[in-house]
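Enquirer: Below you'll find start.pdb; it's PDB, C-alpha atoms.
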```pdb
ATOM      1  CA  LEU A   1      -7.008  13.519  -7.692
ATOM      2  CA  GLY A   2      -8.269  17.067  -7.529
ATOM      3  CA  ALA A   3      -5.938  19.815  -6.381
ATOM      4  CA  THR A   4      -2.502  18.260  -5.874
ATOM      5  CA  ALA A   5       0.688  19.564  -4.269
ATOM      6  CA  TRP A   6       4.265  18.288  -4.136
ATOM      7  CA  LEU A   7       5.887  19.509  -0.919
ATOM      8  CA  GLN A   8       9.528  19.277   0.149
ATOM      9  CA  ILE A   9       9.789  18.907   3.932
ATOM     10  CA  GLY A  10      13.306  18.494   5.285
ATOM     11  CA  GLY A  11      14.525  16.384   2.373
ATOM     12  CA  ILE A  12      11.316  14.361   2.169
ATOM     13  CA  ALA A  13       8.997  14.715  -0.825
ATOM     14  CA  VAL A  14       5.311  14.636   0.167
ATOM     15  CA  VAL A  15       2.471  14.494  -2.356
ATOM     16  CA  VAL A  16      -0.909  15.677  -1.068
ATOM     17  CA  ILE A  17      -4.163  15.269  -3.013
ATOM     18  CA  SER A  18      -7.555  16.831  -2.308
ATOM     19  CA  ASN A  19      -9.729  13.893  -3.396
ATOM     20  CA  ARG A  20      -9.573  10.611  -1.521
ATOM     21  CA  ALA A  21      -7.860   8.012  -3.722
ATOM     22  CA  GLN A  22      -5.439   5.125  -3.340
ATOM     23  CA  CYS A  23      -2.045   5.461  -4.954
ATOM     24  CA  ALA A  24      -2.001   2.427  -7.224
ATOM     25  CA  ASP A  25       0.155   3.599 -10.106
ATOM     26  CA  PRO A  26       3.541   5.329 -10.502
ATOM     27  CA  ALA A  27       1.774   7.836 -12.763
ATOM     28  CA  PHE A  28       0.642   9.600  -9.566
ATOM     29  CA  PHE A  29       4.263  10.652  -9.057
ATOM     30  CA  GLU A  30       5.384  10.873 -12.687
ATOM     31  CA  HIS A  31       2.585  13.360 -13.427
ATOM     32  CA  LEU A  32       4.263  15.722 -10.943
ATOM     33  CA  GLY A  33       7.739  15.132 -12.376
ATOM     34  CA  ILE A  34       8.920  12.923  -9.503
ATOM     35  CA  ASP A  35      11.488  10.339 -10.629
ATOM     36  CA  LEU A  36      10.801   7.180  -8.611
ATOM     37  CA  THR A  37      14.121   5.652  -9.668
ATOM     38  CA  ALA A  38      15.851   8.418  -7.677
ATOM     39  CA  MET A  39      13.938   7.575  -4.481
ATOM     40  CA  ARG A  40      15.384   5.391  -1.713
ATOM     41  CA  ALA A  41      11.896   4.714  -0.371
ATOM     42  CA  VAL A  42       8.306   5.468  -1.315
ATOM     43  CA  VAL A  43       5.359   5.377   1.071
ATOM     44  CA  VAL A  44       1.873   5.044  -0.402
ATOM     45  CA  LYS A  45      -1.468   4.807   1.349
ATOM     46  CA  SER A  46      -3.064   1.844  -0.361
ATOM     47  CA  ARG A  47      -4.468  -1.445   0.854
ATOM     48  CA  GLY A  48      -2.583  -3.484  -1.721
ATOM     49  CA  HIS A  49      -3.613  -2.162  -5.094
ATOM     50  CA  PHE A  50      -0.199  -0.508  -5.498
ATOM     51  CA  ARG A  51       1.705  -3.793  -5.882
ATOM     52  CA  ALA A  52       1.320  -4.314  -9.633
ATOM     53  CA  GLY A  53       2.159  -0.727 -10.510
ATOM     54  CA  PHE A  54       5.166  -0.312  -8.252
ATOM     55  CA  ASP A  55       6.742  -3.769  -8.607
ATOM     56  CA  GLU A  56       9.304  -2.588 -11.164
ATOM     57  CA  PHE A  57      10.552   0.020  -8.673
ATOM     58  CA  PHE A  58      10.137  -1.899  -5.415
ATOM     59  CA  PRO A  59       9.837  -5.703  -5.633
ATOM     60  CA  HIS A  60       7.680  -7.527  -3.083
ATOM     61  CA  GLU A  61      10.605  -8.457  -0.838
ATOM     62  CA  ARG A  62      11.245  -4.729  -0.252
ATOM     63  CA  VAL A  63       7.614  -3.877   0.558
ATOM     64  CA  VAL A  64       6.728  -3.233   4.197
ATOM     65  CA  GLU A  65       3.034  -3.241   5.056
ATOM     66  CA  VAL A  66       1.901  -1.008   7.899
ATOM     67  CA  ASP A  67      -1.209  -1.799   9.916
ATOM     68  CA  GLY A  68      -2.729   1.668  10.124
ATOM     69  CA  PRO A  69      -6.179   2.500  11.448
ATOM     70  CA  GLY A  70      -9.086   1.983   9.082
ATOM     71  CA  LEU A  71     -11.497  -0.564   7.681
ATOM     72  CA  THR A  72      -8.929  -3.179   6.755
ATOM     73  CA  SER A  73      -5.694  -4.688   8.039
ATOM     74  CA  PRO A  74      -2.931  -6.976   6.738
ATOM     75  CA  ILE A  75      -3.297  -8.908  10.020
ATOM     76  CA  PHE A  76      -6.281 -11.151   9.342
ATOM     77  CA  GLN A  77      -6.569 -12.334  12.940
ATOM     78  CA  ARG A  78      -7.787  -8.847  13.953
ATOM     79  CA  PHE A  79     -11.191  -9.524  12.407
ATOM     80  CA  ASP A  80     -14.085 -11.344  14.039
ATOM     81  CA  TRP A  81     -14.592 -13.925  11.288
ATOM     82  CA  LYS A  82     -18.021 -15.567  11.161
ATOM     83  CA  HIS A  83     -19.665 -18.011   8.785
ATOM     84  CA  ILE A  84     -16.444 -19.313   7.213
ATOM     85  CA  PRO A  85     -15.304 -22.936   7.160
ATOM     86  CA  ARG A  86     -12.463 -23.720   9.552
ATOM     87  CA  PRO A  87      -9.567 -24.319   9.409
ATOM     88  CA  MET A  88      -8.891 -21.489   6.951
ATOM     89  CA  LEU A  89      -5.605 -20.193   5.587
ATOM     90  CA  PRO A  90      -4.023 -17.905   6.743
ATOM     91  CA  LEU A  91      -6.123 -17.685   9.909
ATOM     92  CA  ASP A  92      -5.417 -21.103  11.394
ATOM     93  CA  ALA A  93      -1.964 -22.615  11.878
ATOM     94  CA  GLU A  94      -3.247 -26.147  11.177
ATOM     95  CA  ALA A  95      -4.700 -25.164   7.789
ATOM     96  CA  PHE A  96      -2.773 -26.232   4.693
ATOM     97  CA  TRP A  97      -2.834 -25.676   0.945
ATOM     98  CA  PRO A  98      -3.115 -28.879  -1.131
TER      99      PRO A  98
END
```
Just dump the structure as structure tokens.
Expert:
Amino acid sequence: LGATAWLQIGGIAVVVISNRAQCADPAFFEHLGIDLTAMRAVVVKSRGHFRAGFDEFFPHERVVEVDGPGLTSPIFQRFDWKHIPRPMLPLDAEAFWP
């Protein structure tokens, strides 16, 4: 993670790291002494790798994905798909799973 800081900004705890890394494990917060069970919400910048680590704190039905700028997106229709068989789940409404 490199140099790391825990900042309090108007009642919001913000963790800043100096090395680029995805937050995939509660240990990121626990290492700084942050009790996740005391948090009403946690925001992590991660494509999806966080799910397994944070499931005990925030089950999937409480997870909100945000489509931020970058190389990937949770909205698959944003990509110009080529060389894949069609119809394909979840891209095409007529596709189905056996």
Enquirer: What is the CA of Thr37 in chain A-CA of Leu1 in chain A distance in Å, reported with one decimal?
Expert: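 Computed distance, CA of Thr37 in chain A to CA of Leu1 in chain A, equals 22.6 Å.
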Enquirer: Report the distance between CA of Glu30 in chain A and CA of Gly68 in chain A in Å, rounded to one decimal place.
Expert: 25.9 Å
Enquirer: Would you compute the distance between CA of Glu61 in chain A and CA of Leu32 in chain A? Give it in Å to one decimal.
Expert: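 Those two atoms sit 27.0 Å apart.
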Enquirer: In terms of the shortest atom-to-atom distance over all atoms listed in the file, which of A:Ala52, A:Arg47, A:Val16, A:Trp6 is closest to Gly33 in chain A?
Expert: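 Looking only at the distances to Gly33 in chain A, the closest residue turns out to be A:Trp6.
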Enquirer: Extending 4 Å beyond the listed atoms of range 25-33 of chain A on each side, what axis-aligned box results? I want centre and edge lengths in Å to one decimal, as AutoDock Vina command-line options.
Expert:
```
--center_x 3.9 --center_y 9.7 --center_z -11.2 --size_x 15.6 --size_y 20.1 --size_z 12.4
```
Enquirer: Can you tell me which residues surround range 20-29 of chain A at a distance of at most 6 Å, considering only C-alpha atoms, apart from same-chain residues fewer than 5 positions away, and format the answer as number ranges by chain?
Expert: A: 34, 46, 49-50, 53
Enquirer: Pick out the residues sitting within 9 Å of range 74-83 of chain A, and hand them over as a short mmCIF file (atom, residue, chain, number, x, y, z; two decimals) with C-alpha atoms, in the coordinates of the input; count only C-alpha atoms, and ignore anything fewer than 5 positions along from it in its own chain.
Expert:
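Printed below is out_33.cif as written:
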```
data_model
loop_
_atom_site.label_atom_id
_atom_site.label_comp_id
_atom_site.auth_asym_id
_atom_site.auth_seq_id
_atom_site.Cartn_x
_atom_site.Cartn_y
_atom_site.Cartn_z
CA ARG A 47 -4.47 -1.44 0.85
CA GLU A 65 3.03 -3.24 5.06
CA VAL A 66 1.90 -1.01 7.90
CA ASP A 67 -1.21 -1.80 9.92
CA PRO A 90 -4.02 -17.90 6.74
CA LEU A 91 -6.12 -17.68 9.91
CA ASP A 92 -5.42 -21.10 11.39
#
```
Enquirer: Within 9 Å of Phe58 in chain A, counting all atoms listed in the file, which residues show up once you throw out same-chain ones fewer than 6 positions away? Write them as a list of chain:residue names, please.
Expert: A:Ala41, A:Val42, A:Arg51
Enquirer: Would you output range 52-91 of chain A from that structure, restricted to C-alpha atoms, as a PDB file, in the first residue's frame?
Expert:
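Below you can see part.pdb, which holds the result:
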```pdb
ATOM      1  CA  ALA A  52     -15.578 -12.143  -0.997  1.00  0.00           C
ATOM      2  CA  GLY A  53     -13.744 -10.163   1.658  1.00  0.00           C
ATOM      3  CA  PHE A  54     -16.526  -7.759   2.553  1.00  0.00           C
ATOM      4  CA  ASP A  55     -19.527 -10.105   2.320  1.00  0.00           C
ATOM      5  CA  GLU A  56     -19.669 -10.663   6.084  1.00  0.00           C
ATOM      6  CA  PHE A  57     -20.009  -6.897   6.606  1.00  0.00           C
ATOM      7  CA  PHE A  58     -22.100  -5.976   3.565  1.00  0.00           C
ATOM      8  CA  PRO A  59     -24.019  -8.788   1.825  1.00  0.00           C
ATOM      9  CA  HIS A  60     -24.538  -8.605  -1.940  1.00  0.00           C
ATOM     10  CA  GLU A  61     -28.040  -7.146  -1.682  1.00  0.00           C
ATOM     11  CA  ARG A  62     -26.551  -4.067   0.038  1.00  0.00           C
ATOM     12  CA  VAL A  63     -23.781  -3.539  -2.533  1.00  0.00           C
ATOM     13  CA  VAL A  64     -24.191  -0.675  -4.998  1.00  0.00           C
ATOM     14  CA  GLU A  65     -21.896  -0.712  -8.017  1.00  0.00           C
ATOM     15  CA  VAL A  66     -20.894   2.633  -9.485  1.00  0.00           C
ATOM     16  CA  ASP A  67     -19.923   2.981 -13.132  1.00  0.00           C
ATOM     17  CA  GLY A  68     -16.900   5.239 -12.771  1.00  0.00           C
ATOM     18  CA  PRO A  69     -14.470   6.149 -15.532  1.00  0.00           C
ATOM     19  CA  GLY A  70     -11.777   3.617 -16.340  1.00  0.00           C
ATOM     20  CA  LEU A  71     -10.997   0.463 -18.266  1.00  0.00           C
ATOM     21  CA  THR A  72     -13.992  -1.539 -17.119  1.00  0.00           C
ATOM     22  CA  SER A  73     -17.678  -1.102 -16.338  1.00  0.00           C
ATOM     23  CA  PRO A  74     -20.476  -3.112 -14.694  1.00  0.00           C
ATOM     24  CA  ILE A  75     -22.620  -2.174 -17.722  1.00  0.00           C
ATOM     25  CA  PHE A  76     -21.536  -4.707 -20.331  1.00  0.00           C
ATOM     26  CA  GLN A  77     -23.422  -3.020 -23.163  1.00  0.00           C
ATOM     27  CA  ARG A  78     -20.915  -0.126 -23.062  1.00  0.00           C
ATOM     28  CA  PHE A  79     -18.280  -2.273 -24.761  1.00  0.00           C
ATOM     29  CA  ASP A  80     -17.914  -2.865 -28.484  1.00  0.00           C
ATOM     30  CA  TRP A  81     -17.985  -6.667 -28.337  1.00  0.00           C
ATOM     31  CA  LYS A  82     -16.448  -8.475 -31.310  1.00  0.00           C
ATOM     32  CA  HIS A  83     -15.776 -12.116 -32.096  1.00  0.00           C
ATOM     33  CA  ILE A  84     -18.218 -13.562 -29.551  1.00  0.00           C
ATOM     34  CA  PRO A  85     -21.123 -15.883 -30.329  1.00  0.00           C
ATOM     35  CA  ARG A  86     -24.538 -14.235 -30.151  1.00  0.00           C
ATOM     36  CA  PRO A  87     -26.896 -14.244 -28.361  1.00  0.00           C
ATOM     37  CA  MET A  88     -24.770 -13.930 -25.217  1.00  0.00           C
ATOM     38  CA  LEU A  89     -25.827 -13.439 -21.614  1.00  0.00           C
ATOM     39  CA  PRO A  90     -26.071 -10.780 -20.219  1.00  0.00           C
ATOM     40  CA  LEU A  91     -25.679  -8.752 -23.415  1.00  0.00           C
TER      41      LEU A  91
END
```
